[in-house]
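Colleague: My structure file upload-v7.pdb, PDB, C-alpha atoms, is below:
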```pdb
ATOM      1  CA  MET A   1       0.000   0.000   0.000
ATOM      2  CA  GLU A   2       1.557   3.271  -1.145
ATOM      3  CA  LYS A   3      -1.159   5.548  -2.554
ATOM      4  CA  VAL A   4      -3.990   6.599  -0.253
ATOM      5  CA  LEU A   5      -7.061   8.610  -1.208
ATOM      6  CA  VAL A   6      -8.797  10.524   1.581
ATOM      7  CA  THR A   7     -12.281  11.850   0.837
ATOM      8  CA  GLY A   8     -13.654  14.549   3.098
ATOM      9  CA  SER A   9     -10.025  15.606   3.507
ATOM     10  CA  GLY A  10     -10.956  19.197   4.335
ATOM     11  CA  GLY A  11     -13.227  18.164   7.193
ATOM     12  CA  TYR A  12     -12.743  18.070  10.944
ATOM     13  CA  ILE A  13     -11.144  14.599  10.977
ATOM     14  CA  GLY A  14      -9.838  14.500   7.400
ATOM     15  CA  ARG A  15      -7.145  17.177   7.728
ATOM     16  CA  HIS A  16      -5.568  15.265  10.631
ATOM     17  CA  VAL A  17      -5.736  11.909   8.807
ATOM     18  CA  VAL A  18      -4.028  13.390   5.732
ATOM     19  CA  LYS A  19      -1.160  14.729   7.844
ATOM     20  CA  HIS A  20      -0.670  11.423   9.691
ATOM     21  CA  LEU A  21      -0.581   9.472   6.416
ATOM     22  CA  LEU A  22       1.963  11.864   4.911
ATOM     23  CA  ASP A  23       4.121  11.641   8.033
ATOM     24  CA  MET A  24       3.975   7.846   7.700
ATOM     25  CA  GLY A  25       5.406   8.133   4.185
ATOM     26  CA  TYR A  26       2.338   7.490   2.051
ATOM     27  CA  SER A  27       1.473   9.303  -1.174
ATOM     28  CA  VAL A  28      -1.830  11.002  -0.357
ATOM     29  CA  THR A  29      -4.585  12.377  -2.577
ATOM     30  CA  ALA A  30      -6.931  14.709  -0.710
ATOM     31  CA  ALA A  31     -10.398  14.965  -2.295
ATOM     32  CA  ASP A  32     -13.067  17.351  -1.015
ATOM     33  CA  ILE A  33     -15.177  20.245  -2.234
ATOM     34  CA  CYS A  34     -12.961  22.496  -0.082
ATOM     35  CA  ASN A  35      -9.430  21.621   1.019
ATOM     36  CA  ASP A  36      -8.558  24.784   2.948
ATOM     37  CA  GLY A  37      -5.978  23.997   5.613
ATOM     38  CA  VAL A  38      -5.068  20.585   4.210
ATOM     39  CA  ASP A  39      -1.375  19.654   4.284
ATOM     40  CA  GLU A  40       0.137  20.920   1.022
ATOM     41  CA  ARG A  41       2.303  17.827   0.657
ATOM     42  CA  ALA A  42      -0.817  15.995  -0.515
ATOM     43  CA  GLU A  43      -2.171  16.042  -4.047
ATOM     44  CA  ILE A  44      -5.215  18.288  -3.700
ATOM     45  CA  ILE A  45      -8.373  17.582  -5.714
ATOM     46  CA  ASN A  46     -11.317  19.926  -5.193
ATOM     47  CA  ARG A  47     -14.358  17.960  -6.305
ATOM     48  CA  SER A  48     -17.490  16.295  -4.984
ATOM     49  CA  VAL A  49     -17.498  12.526  -4.643
ATOM     50  CA  PHE A  50     -21.203  12.530  -5.474
ATOM     51  CA  GLU A  51     -20.582  13.117  -9.189
ATOM     52  CA  ASP A  52     -21.794  10.126 -11.210
ATOM     53  CA  CYS A  53     -18.536   9.055 -12.837
ATOM     54  CA  PRO A  54     -17.961   5.365 -13.684
ATOM     55  CA  ASP A  55     -14.251   6.109 -14.230
ATOM     56  CA  ILE A  56     -13.801   7.846 -10.854
ATOM     57  CA  TYR A  57     -11.227   5.316  -9.590
ATOM     58  CA  HIS A  58      -8.868   6.152 -12.446
ATOM     59  CA  GLU A  59      -9.571   9.895 -12.252
ATOM     60  CA  LEU A  60      -8.596   9.864  -8.566
ATOM     61  CA  GLY A  61      -5.260   8.221  -9.284
ATOM     62  CA  GLU A  62      -6.015   4.497  -8.798
ATOM     63  CA  PRO A  63      -5.267   4.514  -5.055
ATOM     64  CA  ASP A  64      -4.285   1.378  -3.136
ATOM     65  CA  VAL A  65      -6.535   2.524  -0.267
ATOM     66  CA  CYS A  66      -9.535   4.816  -0.070
ATOM     67  CA  ILE A  67     -10.375   6.307   3.333
ATOM     68  CA  HIS A  68     -13.911   7.637   2.943
ATOM     69  CA  LEU A  69     -14.526  10.335   5.545
ATOM     70  CA  ALA A  70     -16.789  12.564   3.448
ATOM     71  CA  TRP A  71     -20.109  13.181   5.217
ATOM     72  CA  ARG A  72     -22.306  16.225   5.695
ATOM     73  CA  ASN A  73     -23.802  17.418   8.987
ATOM     74  CA  GLY A  74     -22.245  14.738  11.167
ATOM     75  CA  PHE A  75     -22.979  16.754  14.308
ATOM     76  CA  VAL A  76     -26.640  17.352  13.333
ATOM     77  CA  HIS A  77     -28.060  13.917  14.009
ATOM     78  CA  ASN A  78     -31.479  14.379  12.431
ATOM     79  CA  ALA A  79     -30.516  16.456   9.392
ATOM     80  CA  SER A  80     -32.356  15.365   6.242
ATOM     81  CA  SER A  81     -29.052  15.300   4.320
ATOM     82  CA  HIS A  82     -28.012  11.988   5.909
ATOM     83  CA  MET A  83     -30.589   9.927   4.037
ATOM     84  CA  GLU A  84     -30.642  12.237   1.003
ATOM     85  CA  ASP A  85     -26.896  11.692   0.444
ATOM     86  CA  LEU A  86     -26.889   7.952   1.110
ATOM     87  CA  SER A  87     -27.310   6.846  -2.500
ATOM     88  CA  GLY A  88     -24.472   9.181  -3.521
ATOM     89  CA  HIS A  89     -22.115   7.543  -1.029
ATOM     90  CA  CYS A  90     -23.151   4.070  -2.222
ATOM     91  CA  ARG A  91     -22.683   4.944  -5.890
ATOM     92  CA  PHE A  92     -19.252   6.531  -5.375
ATOM     93  CA  LEU A  93     -17.909   3.624  -3.346
ATOM     94  CA  ARG A  94     -19.338   1.016  -5.723
ATOM     95  CA  GLN A  95     -17.729   2.813  -8.702
ATOM     96  CA  MET A  96     -14.398   2.908  -6.855
ATOM     97  CA  VAL A  97     -14.523  -0.834  -6.175
ATOM     98  CA  GLU A  98     -15.675  -1.707  -9.683
ATOM     99  CA  GLY A  99     -12.825   0.442 -11.008
ATOM    100  CA  GLY A 100     -10.283  -1.687  -9.136
ATOM    101  CA  LEU A 101     -10.062  -0.487  -5.522
ATOM    102  CA  LYS A 102      -8.939  -3.322  -3.219
ATOM    103  CA  ASN A 103      -8.917  -1.623   0.204
ATOM    104  CA  LEU A 104     -11.791   0.555   1.415
ATOM    105  CA  ALA A 105     -11.956   2.181   4.851
ATOM    106  CA  VAL A 106     -15.143   4.044   5.795
ATOM    107  CA  MET A 107     -15.930   6.142   8.865
ATOM    108  CA  GLY A 108     -18.562   4.589  11.111
ATOM    109  CA  THR A 109     -20.190   5.834  14.299
ATOM    110  CA  MET A 110     -21.464   4.616  17.660
ATOM    111  CA  HIS A 111     -24.819   6.068  16.583
ATOM    112  CA  GLU A 112     -25.347   3.047  14.298
ATOM    113  CA  ILE A 113     -25.981   1.072  17.460
ATOM    114  CA  GLY A 114     -28.718   3.183  19.017
ATOM    115  CA  TYR A 115     -29.460   2.553  22.662
ATOM    116  CA  TRP A 116     -26.917   0.218  24.244
ATOM    117  CA  GLU A 117     -25.434  -0.182  27.692
ATOM    118  CA  GLY A 118     -21.852  -1.347  28.035
ATOM    119  CA  ALA A 119     -19.149  -2.262  25.538
ATOM    120  CA  ILE A 120     -19.794  -2.326  21.780
ATOM    121  CA  ASP A 121     -18.028  -4.823  19.527
ATOM    122  CA  GLU A 122     -18.497  -5.950  15.924
ATOM    123  CA  CYS A 123     -21.331  -8.297  16.931
ATOM    124  CA  THR A 124     -23.422  -5.732  18.828
ATOM    125  CA  PRO A 125     -26.888  -5.441  17.209
ATOM    126  CA  CYS A 126     -27.759  -2.124  15.572
ATOM    127  CA  ASN A 127     -31.001  -0.246  16.143
ATOM    128  CA  PRO A 128     -30.133   3.380  15.287
ATOM    129  CA  GLN A 129     -32.269   6.141  16.799
ATOM    130  CA  SER A 130     -31.309   9.099  14.582
ATOM    131  CA  GLN A 131     -31.195   9.870  10.851
ATOM    132  CA  TYR A 132     -27.394   9.979  11.070
ATOM    133  CA  GLY A 133     -27.256   6.542  12.668
ATOM    134  CA  VAL A 134     -29.793   5.072  10.238
ATOM    135  CA  ALA A 135     -27.847   6.319   7.196
ATOM    136  CA  LYS A 136     -24.449   5.165   8.461
ATOM    137  CA  ASN A 137     -25.857   1.773   9.417
ATOM    138  CA  ALA A 138     -27.443   1.347   5.983
ATOM    139  CA  LEU A 139     -24.162   2.237   4.287
ATOM    140  CA  ARG A 140     -22.297  -0.290   6.425
ATOM    141  CA  GLN A 141     -24.793  -3.056   5.629
ATOM    142  CA  SER A 142     -24.595  -2.287   1.914
ATOM    143  CA  LEU A 143     -20.789  -2.287   1.902
ATOM    144  CA  MET A 144     -20.500  -5.494   3.911
ATOM    145  CA  GLN A 145     -22.709  -7.248   1.383
ATOM    146  CA  MET A 146     -20.748  -5.735  -1.505
ATOM    147  CA  ALA A 147     -17.425  -6.816   0.057
ATOM    148  CA  GLN A 148     -18.565 -10.442   0.003
ATOM    149  CA  GLU A 149     -19.526 -10.144  -3.643
ATOM    150  CA  LYS A 150     -16.652  -8.008  -4.976
ATOM    151  CA  LYS A 151     -13.865  -9.431  -2.767
ATOM    152  CA  PHE A 152     -12.198  -6.288  -1.435
ATOM    153  CA  ASN A 153     -10.927  -5.458   2.051
ATOM    154  CA  LEU A 154     -13.480  -3.428   4.007
ATOM    155  CA  TYR A 155     -12.517  -1.531   7.145
ATOM    156  CA  TRP A 156     -15.535  -0.038   8.927
ATOM    157  CA  LEU A 157     -13.919   2.361  11.397
ATOM    158  CA  ARG A 158     -16.445   2.986  14.168
ATOM    159  CA  ALA A 159     -15.736   6.160  16.143
ATOM    160  CA  TYR A 160     -17.179   7.252  19.469
ATOM    161  CA  TYR A 161     -16.995  10.661  21.218
ATOM    162  CA  ILE A 162     -14.441  12.874  19.453
ATOM    163  CA  LEU A 163     -12.915  16.051  20.858
ATOM    164  CA  GLY A 164      -9.887  18.244  20.229
ATOM    165  CA  ASP A 165      -9.121  20.874  17.552
ATOM    166  CA  ASP A 166     -11.894  22.726  19.326
ATOM    167  CA  THR A 167     -12.375  25.656  16.935
ATOM    168  CA  LYS A 168     -13.154  23.178  14.118
ATOM    169  CA  ASN A 169     -15.416  20.953  16.218
ATOM    170  CA  HIS A 170     -19.166  21.284  16.836
ATOM    171  CA  SER A 171     -19.310  19.318  20.080
ATOM    172  CA  VAL A 172     -20.469  20.464  23.497
ATOM    173  CA  PHE A 173     -16.823  21.214  24.324
ATOM    174  CA  THR A 174     -16.630  23.726  21.482
ATOM    175  CA  LYS A 175     -19.856  25.333  22.697
ATOM    176  CA  ILE A 176     -18.438  25.624  26.237
ATOM    177  CA  LEU A 177     -15.308  27.274  24.824
ATOM    178  CA  GLN A 178     -17.339  29.713  22.717
ATOM    179  CA  LYS A 179     -19.595  30.654  25.641
ATOM    180  CA  ALA A 180     -16.574  31.334  27.863
ATOM    181  CA  GLN A 181     -14.907  33.436  25.150
ATOM    182  CA  GLU A 182     -18.119  35.462  24.877
ATOM    183  CA  GLY A 183     -17.926  36.219  28.605
ATOM    184  CA  GLY A 184     -20.529  33.737  29.809
ATOM    185  CA  LYS A 185     -20.110  32.532  33.377
ATOM    186  CA  THR A 186     -22.468  29.533  33.260
ATOM    187  CA  PHE A 187     -23.191  26.876  30.655
ATOM    188  CA  PRO A 188     -26.491  24.943  30.618
ATOM    189  CA  PHE A 189     -25.698  21.239  30.769
ATOM    190  CA  THR A 190     -27.296  17.823  31.079
ATOM    191  CA  SER A 191     -26.838  15.712  34.203
ATOM    192  CA  GLY A 192     -23.382  14.833  32.858
ATOM    193  CA  LYS A 193     -23.637  11.331  34.323
ATOM    194  CA  ASN A 194     -23.519   9.455  31.003
ATOM    195  CA  LEU A 195     -20.306   7.530  30.375
ATOM    196  CA  TYR A 196     -18.648   7.823  26.954
ATOM    197  CA  ASP A 197     -15.539   6.656  25.137
ATOM    198  CA  PHE A 198     -13.691   9.936  24.478
ATOM    199  CA  ILE A 199     -10.824  10.239  22.031
ATOM    200  CA  ASP A 200      -8.820  13.240  20.851
ATOM    201  CA  VAL A 201      -9.059  13.843  17.109
ATOM    202  CA  GLU A 202      -5.264  13.533  16.735
ATOM    203  CA  GLN A 203      -5.257  10.058  18.272
ATOM    204  CA  LEU A 204      -8.316   9.119  16.240
ATOM    205  CA  ALA A 205      -6.611  10.245  13.032
ATOM    206  CA  GLU A 206      -3.558   8.137  13.881
ATOM    207  CA  TYR A 207      -5.769   5.101  14.530
ATOM    208  CA  ILE A 208      -7.606   5.626  11.230
ATOM    209  CA  ALA A 209      -4.331   5.908   9.298
ATOM    210  CA  LEU A 210      -2.877   2.797  10.956
ATOM    211  CA  ALA A 211      -6.029   0.680  10.609
ATOM    212  CA  ALA A 212      -6.650   1.561   6.963
ATOM    213  CA  THR A 213      -3.120   0.773   5.757
ATOM    214  CA  GLN A 214      -2.808  -2.806   7.004
ATOM    215  CA  GLN A 215      -4.505  -6.002   5.832
ATOM    216  CA  GLU A 216      -4.382  -8.373   8.809
ATOM    217  CA  VAL A 217      -7.445  -6.953  10.604
ATOM    218  CA  THR A 218     -10.555  -5.999   8.614
ATOM    219  CA  GLY A 219     -14.305  -5.624   9.116
ATOM    220  CA  ILE A 220     -15.766  -3.496  11.914
ATOM    221  CA  ILE A 221     -12.947  -1.894  13.911
ATOM    222  CA  ASN A 222     -13.594   0.304  16.932
ATOM    223  CA  VAL A 223     -11.220   3.275  16.669
ATOM    224  CA  CYS A 224     -11.466   4.141  20.344
ATOM    225  CA  THR A 225      -9.790   3.953  23.753
ATOM    226  CA  GLY A 226     -12.174   1.514  25.446
ATOM    227  CA  HIS A 227     -12.125   3.642  28.616
ATOM    228  CA  PRO A 228     -15.519   5.119  29.610
ATOM    229  CA  ILE A 229     -15.477   8.530  31.350
ATOM    230  CA  SER A 230     -18.493  10.579  32.481
ATOM    231  CA  LEU A 231     -19.399  13.584  30.370
ATOM    232  CA  ALA A 232     -19.277  15.757  33.503
ATOM    233  CA  GLU A 233     -15.749  14.624  34.393
ATOM    234  CA  LYS A 234     -14.508  15.216  30.862
ATOM    235  CA  ALA A 235     -16.190  18.638  30.635
ATOM    236  CA  GLU A 236     -14.782  19.744  33.993
ATOM    237  CA  GLN A 237     -11.345  18.526  32.864
ATOM    238  CA  PHE A 238     -11.742  20.506  29.622
ATOM    239  CA  ILE A 239     -12.645  23.690  31.528
ATOM    240  CA  LYS A 240      -9.632  23.264  33.819
ATOM    241  CA  GLU A 241      -7.194  22.517  30.972
ATOM    242  CA  LYS A 242      -8.389  25.553  29.005
ATOM    243  CA  ASN A 243      -8.413  27.706  32.164
ATOM    244  CA  LEU A 244     -11.967  28.874  31.420
ATOM    245  CA  ASP A 245     -13.889  31.087  33.856
ATOM    246  CA  ILE A 246     -17.196  29.256  33.471
ATOM    247  CA  ARG A 247     -19.146  26.652  35.425
ATOM    248  CA  LEU A 248     -21.561  23.967  34.259
ATOM    249  CA  GLU A 249     -25.244  24.333  35.113
ATOM    250  CA  TYR A 250     -26.116  20.676  35.639
ATOM    251  CA  GLY A 251     -29.663  19.556  34.876
ATOM    252  CA  ALA A 252     -30.563  22.563  32.697
ATOM    253  CA  PHE A 253     -31.150  20.184  29.775
ATOM    254  CA  PRO A 254     -32.589  16.660  29.964
ATOM    255  CA  ASP A 255     -30.441  13.757  28.808
ATOM    256  CA  ARG A 256     -31.375  12.616  25.297
ATOM    257  CA  PRO A 257     -33.664   9.565  25.410
ATOM    258  CA  TYR A 258     -31.441   7.606  22.998
ATOM    259  CA  ASP A 259     -28.262   8.160  25.043
ATOM    260  CA  SER A 260     -27.203   5.237  27.215
ATOM    261  CA  PRO A 261     -26.062   5.658  30.837
ATOM    262  CA  GLY A 262     -22.769   4.174  29.685
ATOM    263  CA  VAL A 263     -21.454   3.072  26.300
ATOM    264  CA  TRP A 264     -17.942   2.512  24.985
ATOM    265  CA  GLY A 265     -16.091   0.571  22.332
ATOM    266  CA  ASN A 266     -14.277  -2.738  22.648
ATOM    267  CA  PRO A 267     -10.752  -1.795  21.443
ATOM    268  CA  GLU A 268      -9.443  -5.364  21.014
ATOM    269  CA  LYS A 269      -9.083  -5.190  17.225
ATOM    270  CA  MET A 270      -7.432  -1.757  17.353
ATOM    271  CA  ARG A 271      -4.987  -3.016  19.963
ATOM    272  CA  LYS A 272      -4.115  -5.940  17.683
ATOM    273  CA  ILE A 273      -3.448  -3.507  14.819
ATOM    274  CA  LEU A 274      -1.214  -1.365  17.045
ATOM    275  CA  LYS A 275       0.696  -4.444  18.188
ATOM    276  CA  ASN A 276       1.152  -5.665  14.611
ATOM    277  CA  ARG A 277       2.314  -2.260  13.403
ATOM    278  CA  GLN A 278       4.817  -2.025  16.249
ATOM    279  CA  GLY A 279       6.249  -5.401  15.292
ATOM    280  CA  GLY A 280       4.681  -7.427  18.073
TER     281      GLY A 280
END
```
Output the file's structure in the form of structure tokens.

Modeller:
Amino acid sequence: MEKVLVTGSGGYIGRHVVKHLLDMGYSVTAADICNDGVDERAEIINRSVFEDCPDIYHELGEPDVCIHLAWRNGFVHNASSHMEDLSGHCRFLRQMVEGGLKNLAVMGTMHEIGYWEGAIDECTPCNPQSQYGVAKNALRQSLMQMAQEKKFNLYWLRAYYILGDDTKNHSVFTKILQKAQEGGKTFPFTSGKNLYDFIDVEQLAEYIALAATQQEVTGIINVCTGHPISLAEKAEQFIKEKNLDIRLEYGAFPDRPYDSPGVWGNPEKMRKILKNRQGG
């Protein structure tokens, strides 16, 4: 594996993945409608992956690996775009595989699962409770079926709660930071008791780059830490690390009905990849 295509390269996660791949020595093509801020060592292609183009694999340089991160409105869980774009994602990825792509890594999400308590692994049943989760789950099911038929390596990289690069994020941590910068002294919060699997976007990007450029471990891979931490603890830690003069107003918002009291990823497959890449 030498040539890697990253779609959604200009996005929150994509810019970090491109840099990690380049630092690892890969030849990287960065494809997005906007690539502002993307590492200039990459070959930059400003185009939409939703264009119907049967020859797209060749036009994008016949990569050894495609890491498909492109997705609109990932932080808006019930946006109509998730289902509206689904056929475009399916068509693009099918055309890439039919063109000759042998290794396809696609960004997944814990929201495919829906309500679940405890650890999530590749066998955990999916019952998504948002348009985002429904669309991602449908894409995963379609690709898993296609992988059996077309015989390519599929890496479904399931992410959990991502933070870091806070000015580019749309998470609650970004909103806390913005409120503090605006002079706010309190921030309306949920109970904060829910446990999540938090990961910094830099570590996530490294995991994505490492998982997508090996062939020993495929299928559903949790790109996560496996260590659940309460939202309150992580938010208080964030406030302290950023030295923000703001306090959380617990209980101002109800917890979302589809959020579990505690959910995290089983990192066994990611640990195996890390061990293999480090030479045992």

Colleague: Which residues, written as an MDAnalysis selection string, have at least one atom at most 12 Å from Thr174 (chain A), with all atoms listed in the file counted and residues fewer than 4 positions away on the same chain left out?

Modeller: chainID A and resid 75 162:170 178:181 187 235 238:239 242

Colleague: Do you know which residues are at most 7 Å from region 43-60 of chain A counting only C-alpha atoms, after dropping those on the same chain fewer than 4 positions away, and could you put them as JSON, numbers by chain?

Modeller: {"A": [28, 29, 30, 31, 32, 33, 34, 35, 88, 89, 92, 95, 96, 99]}

Colleague: Exactly which residues make up the result of the PyMOL selection byres ((chain A and resi 132) around 8) on this file, given as a list in words?

Modeller: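 When the PyMOL selection byres ((chain A and resi 132) around 8) is applied to the shown file, the picked residues are Gly74, Val76, His77, Asn78, Ala79, His82, Met83, His111, Glu112, Ser130, Gln131, Gly133, Val134, Ala135 and Lys136 of chain A.
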
Colleague: Calculated over all atoms listed in the file, which of the candidates A:Thr7, A:Cys126, A:Gly37, A:Ile113 has the smallest distance to Arg72 (chain A)?

Modeller: A:Thr7

Colleague: Please determine, counting all atoms listed in the file, which residue among A:Gly226, A:Gly61, A:Gly279, A:Gly25 has the shortest atom-to-atom distance to Gly262 (chain A).

Modeller: A:Gly226

Colleague: Please evaluate the PyMOL selection byres ((chain A and resi 188) around 6) against the structure above and give the resulting residues as a VMD selection string.

Modeller: chain A and resid 187 189 249 252

Colleague: Ranking A:Leu210, A:Leu195, A:Leu154, A:Val6 by minimum distance to Gln278 (chain A) and counting all atoms listed in the file, which one comes first?

Modeller: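 Using all atoms listed in the file, Gln278 (chain A) sits closest to A:Leu210.
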
Colleague: Go through the shown structure with the PyMOL selection byres ((chain A and resi 157) around 7) and write out the matching residues as a ChimeraX atom specification.

Modeller: /A:105-108,155-156,158-159,220-223

Colleague: Mind writing the picked residues with C-alpha atoms as an mmCIF file, in the coordinates of the input?

Modeller:
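out_16.cif, written as the output of this step:
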```cif
data_model
loop_
_atom_site.group_PDB
_atom_site.id
_atom_site.type_symbol
_atom_site.label_atom_id
_atom_site.label_comp_id
_atom_site.auth_asym_id
_atom_site.auth_seq_id
_atom_site.Cartn_x
_atom_site.Cartn_y
_atom_site.Cartn_z
ATOM 1 C CA ALA A 105 -11.956 2.181 4.851
ATOM 2 C CA VAL A 106 -15.143 4.044 5.795
ATOM 3 C CA MET A 107 -15.930 6.142 8.865
ATOM 4 C CA GLY A 108 -18.562 4.589 11.111
ATOM 5 C CA TYR A 155 -12.517 -1.531 7.145
ATOM 6 C CA TRP A 156 -15.535 -0.038 8.927
ATOM 7 C CA ARG A 158 -16.445 2.986 14.168
ATOM 8 C CA ALA A 159 -15.736 6.160 16.143
ATOM 9 C CA ILE A 220 -15.766 -3.496 11.914
ATOM 10 C CA ILE A 221 -12.947 -1.894 13.911
ATOM 11 C CA ASN A 222 -13.594 0.304 16.932
ATOM 12 C CA VAL A 223 -11.220 3.275 16.669
#
```
